[in-house]
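Q: Pasting run10.pdb here (PDB, C-alpha atoms):
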```
ATOM      1  CA  MET A 190     135.415  53.152  83.024
ATOM      2  CA  LYS A 191     133.495  54.935  85.793
ATOM      3  CA  LYS A 192     136.395  57.313  86.332
ATOM      4  CA  LEU A 193     136.497  58.050  82.578
ATOM      5  CA  LEU A 194     132.778  58.778  82.480
ATOM      6  CA  LEU A 195     133.081  60.984  85.564
ATOM      7  CA  SER A 196     135.944  62.874  83.956
ATOM      8  CA  VAL A 197     133.943  63.395  80.746
ATOM      9  CA  CYS A 198     130.917  64.612  82.729
ATOM     10  CA  ILE A 199     133.033  67.070  84.667
ATOM     11  CA  LYS A 200     134.529  68.422  81.440
ATOM     12  CA  LEU A 201     131.081  68.775  79.863
ATOM     13  CA  LEU A 202     129.826  70.600  82.925
ATOM     14  CA  PHE A 203     132.823  72.907  82.792
ATOM     15  CA  VAL A 204     132.285  73.636  79.090
ATOM     16  CA  SER A 205     128.566  74.276  79.684
ATOM     17  CA  PHE A 206     129.340  76.628  82.571
ATOM     18  CA  PHE A 207     131.926  78.453  80.452
ATOM     19  CA  LEU A 208     129.485  78.892  77.548
ATOM     20  CA  LEU A 209     126.719  80.154  79.827
ATOM     21  CA  SER A 210     129.092  82.601  81.484
ATOM     22  CA  PHE A 211     130.393  83.770  78.113
ATOM     23  CA  ASN A 212     126.878  84.281  76.736
ATOM     24  CA  SER A 213     125.841  86.154  79.862
ATOM     25  CA  LEU A 214     128.899  88.396  79.615
ATOM     26  CA  ALA A 215     128.306  88.977  75.895
ATOM     27  CA  GLN A 216     124.695  89.938  76.515
ATOM     28  CA  SER A 217     125.699  92.266  79.333
ATOM     29  CA  LEU A 218     128.310  93.996  77.173
ATOM     30  CA  ALA A 219     125.867  94.258  74.276
ATOM     31  CA  GLY A 220     123.285  95.793  76.602
ATOM     32  CA  LYS A 221     125.772  98.363  77.889
ATOM     33  CA  GLU A 222     126.853  99.209  74.354
ATOM     34  CA  ASN A 223     123.238  99.649  73.279
ATOM     35  CA  LYS A 224     122.573 101.972  76.233
ATOM     36  CA  LYS A 225     125.571 104.071  75.218
ATOM     37  CA  LYS A 226     124.294 104.330  71.646
ATOM     38  CA  VAL A 227     120.818 105.280  72.819
ATOM     39  CA  ALA A 228     122.207 107.882  75.231
ATOM     40  CA  LYS A 229     124.339 109.421  72.478
ATOM     41  CA  TRP A 230     121.426 109.492  70.025
ATOM     42  CA  TYR A 231     119.049 110.917  72.624
ATOM     43  CA  LYS A 232     121.503 113.596  73.699
ATOM     44  CA  SER A 233     121.971 114.714  70.082
ATOM     45  CA  ARG A 234     118.264 115.677  69.978
ATOM     46  CA  GLU A 235     118.193 115.048  66.248
ATOM     47  CA  TRP A 236     114.873 113.302  66.866
ATOM     48  CA  MET A 237     113.369 116.649  67.947
ATOM     49  CA  ASN A 238     113.894 118.127  64.484
ATOM     50  CA  ASP A 239     114.931 121.551  65.818
ATOM     51  CA  LEU A 240     112.065 121.834  68.300
ATOM     52  CA  GLN A 241     113.233 124.458  70.791
ATOM     53  CA  LEU A 242     111.986 122.754  73.945
ATOM     54  CA  THR A 243     113.757 120.630  76.551
ATOM     55  CA  PRO A 244     112.893 116.960  77.194
ATOM     56  CA  HIS A 245     112.521 116.346  80.917
ATOM     57  CA  LYS A 246     115.160 114.236  82.655
ATOM     58  CA  SER A 247     112.508 111.719  83.787
ATOM     59  CA  ILE A 248     111.829 110.478  80.239
ATOM     60  CA  ASN A 249     112.623 106.789  79.785
ATOM     61  CA  GLN A 250     115.248 107.070  77.042
ATOM     62  CA  GLN A 251     115.441 103.357  76.290
ATOM     63  CA  GLU A 252     111.684 102.979  75.866
ATOM     64  CA  PHE A 253     111.357 106.166  73.857
ATOM     65  CA  SER A 254     114.170 105.178  71.480
ATOM     66  CA  ARG A 255     112.626 101.725  71.069
ATOM     67  CA  GLN A 256     109.266 103.151  70.092
ATOM     68  CA  TYR A 257     110.801 105.829  67.896
ATOM     69  CA  GLY A 258     112.786 103.197  66.044
ATOM     70  CA  ILE A 259     109.652 101.178  65.303
ATOM     71  CA  ASN A 260     107.557 104.088  64.037
ATOM     72  CA  LYS A 261     109.279 107.464  63.949
ATOM     73  CA  VAL A 262     106.550 109.027  61.794
ATOM     74  CA  TRP A 263     104.140 109.499  64.704
ATOM     75  CA  TRP A 264     106.797 111.153  66.858
ATOM     76  CA  ASP A 265     108.082 113.293  63.988
ATOM     77  CA  LYS A 266     104.541 114.596  63.439
ATOM     78  CA  THR A 267     104.186 115.243  67.168
ATOM     79  CA  PHE A 268     107.317 117.348  67.406
ATOM     80  CA  GLU A 269     106.503 119.098  64.123
ATOM     81  CA  PHE A 270     103.119 120.108  65.549
ATOM     82  CA  LEU A 271     104.756 121.549  68.656
ATOM     83  CA  LYS A 272     107.330 123.374  66.565
ATOM     84  CA  THR A 273     105.015 124.894  63.968
ATOM     85  CA  HIS A 274     102.090 126.027  66.125
ATOM     86  CA  ASP A 275     101.828 129.140  68.250
ATOM     87  CA  LEU A 276     101.045 127.232  71.425
ATOM     88  CA  ALA A 277     100.502 130.335  73.550
ATOM     89  CA  ASN A 278      97.627 131.411  71.298
ATOM     90  CA  LEU A 279      96.350 127.955  70.342
ATOM     91  CA  LYS A 280      92.672 127.677  71.285
ATOM     92  CA  PRO A 281      91.604 124.945  73.716
ATOM     93  CA  GLY A 282      90.251 121.916  71.902
ATOM     94  CA  ARG A 283      91.113 118.695  70.124
ATOM     95  CA  TYR A 284      93.591 118.575  67.227
ATOM     96  CA  ILE A 285      94.071 115.544  64.995
ATOM     97  CA  ILE A 286      97.751 115.199  64.098
ATOM     98  CA  ASP A 287      97.653 111.694  62.628
ATOM     99  CA  THR A 288      94.222 110.064  62.426
ATOM    100  CA  VAL A 289      93.747 107.442  65.166
ATOM    101  CA  ASN A 290      97.456 107.525  66.074
ATOM    102  CA  VAL A 291      98.316 111.029  67.324
ATOM    103  CA  THR A 292      95.878 113.509  68.871
ATOM    104  CA  ALA A 293      96.507 116.734  70.788
ATOM    105  CA  PHE A 294      94.253 118.146  73.495
ATOM    106  CA  VAL A 295      94.734 121.758  74.542
ATOM    107  CA  SER A 296      93.150 122.884  77.813
ATOM    108  CA  GLU A 297      93.160 126.032  79.910
ATOM    109  CA  VAL A 298      91.349 125.234  83.137
ATOM    110  CA  PRO A 299      91.731 125.527  86.921
ATOM    111  CA  THR A 300      94.277 123.038  88.236
ATOM    112  CA  LYS A 301      93.221 120.283  90.631
ATOM    113  CA  GLU A 302      94.720 119.478  94.016
ATOM    114  CA  MET A 303      97.123 116.534  94.191
ATOM    115  CA  ASP A 304      94.625 114.247  95.954
ATOM    116  CA  GLN A 305      92.177 114.788  93.076
ATOM    117  CA  ILE A 306      94.627 113.407  90.509
ATOM    118  CA  ASN A 307      95.104 109.634  90.245
ATOM    119  CA  TRP A 308      98.253 107.691  89.541
ATOM    120  CA  GLU A 309      97.645 105.985  86.187
ATOM    121  CA  THR A 310      99.115 104.135  83.234
ATOM    122  CA  HIS A 311      98.042 103.629  79.625
ATOM    123  CA  LYS A 312      98.682 100.603  77.409
ATOM    124  CA  ASN A 313      97.918 101.900  73.932
ATOM    125  CA  PHE A 314      99.142 105.479  74.104
ATOM    126  CA  ASN A 315     102.028 107.522  75.412
ATOM    127  CA  ASP A 316     101.266 110.878  77.027
ATOM    128  CA  LEU A 317     103.372 113.865  76.024
ATOM    129  CA  GLN A 318     102.512 116.628  78.472
ATOM    130  CA  TYR A 319     103.632 120.235  78.163
ATOM    131  CA  ILE A 320     102.664 123.219  80.285
ATOM    132  CA  ILE A 321     102.200 126.165  77.911
ATOM    133  CA  LYS A 322     101.317 128.765  80.553
ATOM    134  CA  GLY A 323     101.566 128.547  84.327
ATOM    135  CA  LYS A 324     103.130 125.885  86.509
ATOM    136  CA  ALA A 325     102.113 122.445  87.768
ATOM    137  CA  ARG A 326     103.641 119.319  89.248
ATOM    138  CA  MET A 327     104.030 115.868  87.718
ATOM    139  CA  GLY A 328     104.459 112.589  89.565
ATOM    140  CA  ILE A 329     106.183 109.564  88.038
ATOM    141  CA  THR A 330     107.312 106.101  89.105
ATOM    142  CA  PRO A 331     108.117 102.938  87.110
ATOM    143  CA  VAL A 332     105.481 100.195  86.807
ATOM    144  CA  SER A 333     108.085  97.933  88.411
ATOM    145  CA  ASN A 334     107.719  99.874  91.679
ATOM    146  CA  SER A 335     106.787  97.253  94.275
ATOM    147  CA  ASN A 336     104.960  99.950  96.261
ATOM    148  CA  ALA A 337     102.515 100.578  93.417
ATOM    149  CA  LYS A 338      99.216  98.706  93.720
ATOM    150  CA  VAL A 339      96.398  98.581  91.170
ATOM    151  CA  THR A 340      93.217 100.105  92.610
ATOM    152  CA  VAL A 341      91.102 100.169  89.433
ATOM    153  CA  PRO A 342      91.848  97.463  86.821
ATOM    154  CA  TYR A 343      92.589  98.374  83.247
ATOM    155  CA  ASP A 344      89.670  99.935  81.373
ATOM    156  CA  SER A 345      90.122  99.414  77.628
ATOM    157  CA  LYS A 346      87.624 102.150  76.767
ATOM    158  CA  GLY A 347      89.578 104.804  78.614
ATOM    159  CA  ASP A 348      92.942 103.045  78.132
ATOM    160  CA  THR A 349      93.604 103.634  81.818
ATOM    161  CA  GLU A 350      94.645 101.635  84.858
ATOM    162  CA  THR A 351      94.658 103.359  88.249
ATOM    163  CA  TYR A 352      97.107 102.848  91.126
ATOM    164  CA  SER A 353      97.927 103.785  94.667
ATOM    165  CA  VAL A 354     101.614 104.604  95.002
ATOM    166  CA  THR A 355     103.883 104.976  97.993
ATOM    167  CA  GLY A 356     106.784 107.193  97.100
ATOM    168  CA  GLY A 357     107.359 108.213  93.506
ATOM    169  CA  GLU A 358     109.227 111.210  92.167
ATOM    170  CA  TYR A 359     107.640 114.655  91.802
ATOM    171  CA  TYR A 360     108.770 117.389  89.458
ATOM    172  CA  TYR A 361     107.724 120.913  88.607
ATOM    173  CA  ALA A 362     106.428 121.382  85.092
ATOM    174  CA  GLU A 363     106.526 124.764  83.384
ATOM    175  CA  PRO A 364     107.005 126.320  79.927
ATOM    176  CA  GLY A 365     110.136 125.159  78.139
ATOM    177  CA  THR A 366     110.188 121.516  79.254
ATOM    178  CA  PHE A 367     107.986 118.614  78.144
ATOM    179  CA  PHE A 368     107.349 115.215  79.719
ATOM    180  CA  ILE A 369     106.708 111.864  78.036
ATOM    181  CA  PHE A 370     104.969 109.111  79.997
ATOM    182  CA  SER A 371     105.111 105.680  78.343
ATOM    183  CA  PRO A 372     103.256 102.493  79.366
ATOM    184  CA  LYS A 373     106.278 101.750  81.562
ATOM    185  CA  ASP A 374     105.554 104.856  83.650
ATOM    186  CA  ILE A 375     102.905 105.307  86.308
ATOM    187  CA  HIS A 376     102.209 109.008  86.283
ATOM    188  CA  ARG A 377     100.227 111.588  88.232
ATOM    189  CA  PRO A 378      99.852 114.449  85.784
ATOM    190  CA  ALA A 379      99.608 118.223  86.191
ATOM    191  CA  PHE A 380      98.289 118.947  89.671
ATOM    192  CA  LYS A 381      98.204 122.295  91.413
ATOM    193  CA  VAL A 382     101.155 124.428  92.468
ATOM    194  CA  ALA A 383     100.370 127.229  94.923
ATOM    195  CA  GLY A 384      99.927 130.529  93.122
ATOM    196  CA  TYR A 385      98.956 128.963  89.797
ATOM    197  CA  ASP A 386      95.203 128.488  89.789
ATOM    198  CA  VAL A 387      94.822 128.172  86.012
ATOM    199  CA  VAL A 388      97.212 126.336  83.700
ATOM    200  CA  LYS A 389      97.252 126.066  79.923
ATOM    201  CA  LYS A 390      98.451 122.629  78.874
ATOM    202  CA  ILE A 391      98.796 120.482  75.795
ATOM    203  CA  LEU A 392      98.465 116.715  76.076
ATOM    204  CA  ILE A 393      99.463 114.731  72.995
ATOM    205  CA  LYS A 394      98.445 111.076  72.877
ATOM    206  CA  VAL A 395     100.908 109.107  70.735
ATOM    207  CA  ARG A 396     100.015 105.519  69.927
ATOM    208  CA  VAL A 397     102.318 102.763  71.165
ATOM    209  CA  PRO A 398     103.535 100.905  68.029
ATOM    210  CA  GLN A 399     103.043  97.183  67.638
ATOM    211  CA  GLU A 400     106.297  95.304  67.013
TER     212      GLU A 400
END
```
What do you get writing this file as structure tokens?
A:
Amino acid sequence: MKKLLLSVCIKLLFVSFFLLSFNSLAQSLAGKENKKKVAKWYKSREWMNDLQLTPHKSINQQEFSRQYGINKVWWDKTFEFLKTHDLANLKPGRYIIDTVNVTAFVSEVPTKEMDQINWETHKNFNDLQYIIKGKARMGITPVSNSNAKVTVPYDSKGDTETYSVTGGEYYYAEPGTFFIFSPKDIHRPAFKVAGYDVVKKILIKVRVPQE
């Protein structure tokens, strides 16, 4: 009887192990397939609606596609604004694109040194940043970076949390290419590049949709 029970237990354990392994494999394959679909959709640029700019390689494609799928209207309005406005001659100021959800801020001011710009994240809004005139640098690292430490806790009024970061990637930003920083990205936006004392920039705050 004991041997029979032992045999049954071993078989049940084997079946359980097989099912867990199968489910894990299925989830892994599904994840890979989803990434392929997202990559294909993103590369098609149909979501840009003929906007003649280039999305920067640092953009988190998976997160962007997730948000776009939940509420494409806000992003469609964002790209439409960029496409239909003469950005070079757009006056500095605040532009409401979709009340409460999408707002653009155009500035043309002296750029700050790198040590004057904080690493930061936002919870409620994505930052689309585009250099209209001039040249600057952008820093970015994932919130999962173990070398990123919170220095100023999240402030709901400013929708900002500040960090100190060791490492991170830095990129040049100039006309023709836009950046998108989601809540999954710690970013250090638009600091000075030698020879470019004044930069004209548009920052578009796009609300993070609630699932």
Q: Considering only C-alpha atoms, state which residue in the set A:Leu276, A:Val395, A:Phe380, A:Tyr385 is at the smallest distance from A:Asn290.
A: A:Val395
Q: Neighbours of A:Leu279 within 12 Å (all atoms listed in the file; same-chain residues fewer than 4 positions away dropped), as JSON, numbers by chain?
A: {"A": [270, 271, 273, 274, 275, 283, 284, 293, 294, 295, 296, 297, 321, 322, 389, 390, 391]}
Q: With all atoms listed in the file as the atoms that count, which of A:Glu269, A:Asp304, A:Glu350, A:Glu222 lies nearest to A:Gln241?
A: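 Under the stated criterion, the closest residue is A:Glu269.
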Q: Quick one: of A:Asp386, A:Glu309, A:Asp344, A:Asp374, who's nearest to A:Thr330, counting all atoms listed in the file?
A: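 Of A:Asp386, A:Glu309, A:Asp344, A:Asp374, the one nearest A:Thr330, counting all atoms listed in the file, is A:Asp374.
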Q: Which residues, written as a PyMOL selection string, have at least one atom at most 12 Å from A:Lys272, with only C-alpha atoms counted and residues fewer than 6 positions away on the same chain left out?
A: chain A and resi 237-242+265-266
Q: Record the distance separating atom CA of A:Ile285 and atom CA of A:Thr243, expressed in Å with one decimal.
A: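 Distance reported for this atom pair: 23.4 Å.
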Q: Please evaluate the PyMOL selection byres ((chain A and resi 379) around 10) against the displayed coordinates and give the resulting residues as number ranges by chain.
A: A: 300-303, 306, 318-320, 324-328, 360-363, 376-378, 380-382, 388, 390
Q: Please identify all polymer residues lying at most 12 Å from the point (91.9, 103.8, 82.3) (file coordinates), using only C-alpha atoms, and present the result as a list of chain:residue names.
A: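 Residues lying no farther than 12 Å from the given point: A:Asn307, A:Trp308, A:Glu309, A:Thr310, A:His311, A:Lys312, A:Asn313, A:Phe314, A:Val339, A:Thr340, A:Val341, A:Pro342, A:Tyr343, A:Asp344, A:Ser345, A:Lys346, A:Gly347, A:Asp348, A:Thr349, A:Glu350, A:Thr351, A:Tyr352, A:Pro372, A:Ile375.
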Q: Measure the distance from atom CA of A:Asn260 to atom CA of A:Phe367 in Å and round it to one decimal.
A: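 Atom CA of A:Phe367 lies at a distance of 20.3 Å from atom CA of A:Asn260.
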Q: Atom CA of A:Lys280 to atom CA of A:Val262: how many Å, to one decimal?
A: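 Interatomic distance here is 25.1 Å.
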Q: In terms of the shortest atom-to-atom distance over all atoms listed in the file, which of A:Trp236, A:Phe370, A:Tyr257, A:Phe268 is closest to A:Leu317?
A: A:Phe370
Q: Give the answer as one residue: which of A:Ile259, A:Ala277, A:Ile286, A:Ile369 has the shortest atom-to-atom distance to A:Gly323, using all atoms listed in the file?
A: A:Ala277
Q: To verify the selection step, state as a ChimeraX atom specification which residues the PyMOL selection byres ((chain A and resi 357) around 7) yields on this input.
A: /A:328-330,354-356,358-359
Q: Under the rule that only C-alpha atoms are counted, which of A:Glu400, A:Lys229, A:Lys338, A:Asn315 is the nearest residue to A:Gly258?
A: A:Glu400
Q: For stretch 294-303 of chain A, take all atoms listed in the file, fit an axis-aligned box around them, add 6 Å to each of the six sides, then output centre and edge lengths in Å rounded to one decimal, as AutoDock Vina command-line options.
A:
```
--center_x 94.2 --center_y 121.3 --center_z 83.8 --size_x 17.8 --size_y 21.5 --size_z 32.7
```
Q: Name all residues at most 9 Å from A:Ile248 (count only C-alpha atoms; drop same-chain ones fewer than 2 positions away) and give them as a list of chain:residue names.
A: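 Surrounding residues, per the criterion: A:Pro244, A:His245, A:Lys246, A:Gln250, A:Gln251, A:Glu252, A:Phe253, A:Phe368, A:Ile369, A:Phe370, A:Ser371.
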Q: How about completing stretch 240-267 of chain A with N, CA and C atoms and giving it to me as a PDB file, in the frame of the given file?
A:
```pdb
ATOM      1  N   LEU A 240     113.048 121.322  67.357  1.00  0.00           N
ATOM      2  CA  LEU A 240     112.065 121.834  68.300  1.00  0.00           C
ATOM      3  C   LEU A 240     112.815 122.464  69.477  1.00  0.00           C
ATOM      4  N   GLN A 241     112.501 123.723  69.767  1.00  0.00           N
ATOM      5  CA  GLN A 241     113.233 124.458  70.791  1.00  0.00           C
ATOM      6  C   GLN A 241     112.589 124.305  72.177  1.00  0.00           C
ATOM      7  N   LEU A 242     112.452 123.067  72.599  1.00  0.00           N
ATOM      8  CA  LEU A 242     111.986 122.754  73.945  1.00  0.00           C
ATOM      9  C   LEU A 242     112.957 121.749  74.560  1.00  0.00           C
ATOM     10  N   THR A 243     112.846 121.540  75.851  1.00  0.00           N
ATOM     11  CA  THR A 243     113.757 120.630  76.551  1.00  0.00           C
ATOM     12  C   THR A 243     113.014 119.386  77.023  1.00  0.00           C
ATOM     13  N   PRO A 244     113.503 118.191  76.672  1.00  0.00           N
ATOM     14  CA  PRO A 244     112.893 116.960  77.194  1.00  0.00           C
ATOM     15  C   PRO A 244     113.246 116.807  78.671  1.00  0.00           C
ATOM     16  N   HIS A 245     112.268 116.459  79.484  1.00  0.00           N
ATOM     17  CA  HIS A 245     112.521 116.346  80.917  1.00  0.00           C
ATOM     18  C   HIS A 245     113.416 115.147  81.228  1.00  0.00           C
ATOM     19  N   LYS A 246     114.195 115.274  82.286  1.00  0.00           N
ATOM     20  CA  LYS A 246     115.160 114.236  82.655  1.00  0.00           C
ATOM     21  C   LYS A 246     114.505 112.920  83.054  1.00  0.00           C
ATOM     22  N   SER A 247     113.199 112.943  83.358  1.00  0.00           N
ATOM     23  CA  SER A 247     112.508 111.719  83.787  1.00  0.00           C
ATOM     24  C   SER A 247     112.123 110.810  82.625  1.00  0.00           C
ATOM     25  N   ILE A 248     112.243 111.279  81.401  1.00  0.00           N
ATOM     26  CA  ILE A 248     111.829 110.478  80.239  1.00  0.00           C
ATOM     27  C   ILE A 248     112.649 109.199  80.155  1.00  0.00           C
ATOM     28  N   ASN A 249     111.973 108.086  79.937  1.00  0.00           N
ATOM     29  CA  ASN A 249     112.623 106.789  79.785  1.00  0.00           C
ATOM     30  C   ASN A 249     113.266 106.726  78.397  1.00  0.00           C
ATOM     31  N   GLN A 250     114.557 106.973  78.328  1.00  0.00           N
ATOM     32  CA  GLN A 250     115.248 107.070  77.042  1.00  0.00           C
ATOM     33  C   GLN A 250     115.222 105.761  76.262  1.00  0.00           C
ATOM     34  N   GLN A 251     115.408 104.665  76.960  1.00  0.00           N
ATOM     35  CA  GLN A 251     115.441 103.357  76.290  1.00  0.00           C
ATOM     36  C   GLN A 251     114.085 103.042  75.655  1.00  0.00           C
ATOM     37  N   GLU A 252     113.019 103.269  76.400  1.00  0.00           N
ATOM     38  CA  GLU A 252     111.684 102.979  75.866  1.00  0.00           C
ATOM     39  C   GLU A 252     111.318 103.935  74.739  1.00  0.00           C
ATOM     40  N   PHE A 253     111.661 105.203  74.914  1.00  0.00           N
ATOM     41  CA  PHE A 253     111.357 106.166  73.857  1.00  0.00           C
ATOM     42  C   PHE A 253     112.098 105.827  72.570  1.00  0.00           C
ATOM     43  N   SER A 254     113.381 105.502  72.676  1.00  0.00           N
ATOM     44  CA  SER A 254     114.170 105.178  71.480  1.00  0.00           C
ATOM     45  C   SER A 254     113.643 103.912  70.812  1.00  0.00           C
ATOM     46  N   ARG A 255     113.182 102.958  71.624  1.00  0.00           N
ATOM     47  CA  ARG A 255     112.626 101.725  71.069  1.00  0.00           C
ATOM     48  C   ARG A 255     111.389 102.020  70.237  1.00  0.00           C
ATOM     49  N   GLN A 256     110.489 102.812  70.810  1.00  0.00           N
ATOM     50  CA  GLN A 256     109.266 103.151  70.092  1.00  0.00           C
ATOM     51  C   GLN A 256     109.553 104.014  68.867  1.00  0.00           C
ATOM     52  N   TYR A 257     110.453 104.945  69.016  1.00  0.00           N
ATOM     53  CA  TYR A 257     110.801 105.829  67.896  1.00  0.00           C
ATOM     54  C   TYR A 257     111.377 105.020  66.740  1.00  0.00           C
ATOM     55  N   GLY A 258     112.182 104.029  67.082  1.00  0.00           N
ATOM     56  CA  GLY A 258     112.786 103.197  66.044  1.00  0.00           C
ATOM     57  C   GLY A 258     111.776 102.360  65.288  1.00  0.00           C
ATOM     58  N   ILE A 259     110.689 101.988  65.956  1.00  0.00           N
ATOM     59  CA  ILE A 259     109.652 101.178  65.303  1.00  0.00           C
ATOM     60  C   ILE A 259     108.791 102.021  64.375  1.00  0.00           C
ATOM     61  N   ASN A 260     108.393 103.209  64.861  1.00  0.00           N
ATOM     62  CA  ASN A 260     107.557 104.088  64.037  1.00  0.00           C
ATOM     63  C   ASN A 260     107.853 105.544  64.365  1.00  0.00           C
ATOM     64  N   LYS A 261     108.863 106.091  63.697  1.00  0.00           N
ATOM     65  CA  LYS A 261     109.279 107.464  63.949  1.00  0.00           C
ATOM     66  C   LYS A 261     108.294 108.489  63.407  1.00  0.00           C
ATOM     67  N   VAL A 262     107.472 108.091  62.444  1.00  0.00           N
ATOM     68  CA  VAL A 262     106.550 109.027  61.794  1.00  0.00           C
ATOM     69  C   VAL A 262     105.635 109.703  62.810  1.00  0.00           C
ATOM     70  N   TRP A 263     105.073 108.916  63.730  1.00  0.00           N
ATOM     71  CA  TRP A 263     104.140 109.499  64.704  1.00  0.00           C
ATOM     72  C   TRP A 263     104.841 110.512  65.598  1.00  0.00           C
ATOM     73  N   TRP A 264     106.059 110.214  66.014  1.00  0.00           N
ATOM     74  CA  TRP A 264     106.797 111.153  66.858  1.00  0.00           C
ATOM     75  C   TRP A 264     107.251 112.367  66.070  1.00  0.00           C
ATOM     76  N   ASP A 265     107.672 112.159  64.828  1.00  0.00           N
ATOM     77  CA  ASP A 265     108.082 113.293  63.988  1.00  0.00           C
ATOM     78  C   ASP A 265     106.916 114.271  63.807  1.00  0.00           C
ATOM     79  N   LYS A 266     105.717 113.742  63.600  1.00  0.00           N
ATOM     80  CA  LYS A 266     104.541 114.596  63.439  1.00  0.00           C
ATOM     81  C   LYS A 266     104.212 115.320  64.747  1.00  0.00           C
ATOM     82  N   THR A 267     104.433 114.640  65.854  1.00  0.00           N
ATOM     83  CA  THR A 267     104.186 115.243  67.168  1.00  0.00           C
ATOM     84  C   THR A 267     105.085 116.441  67.394  1.00  0.00           C
TER      85      THR A 267
END
```
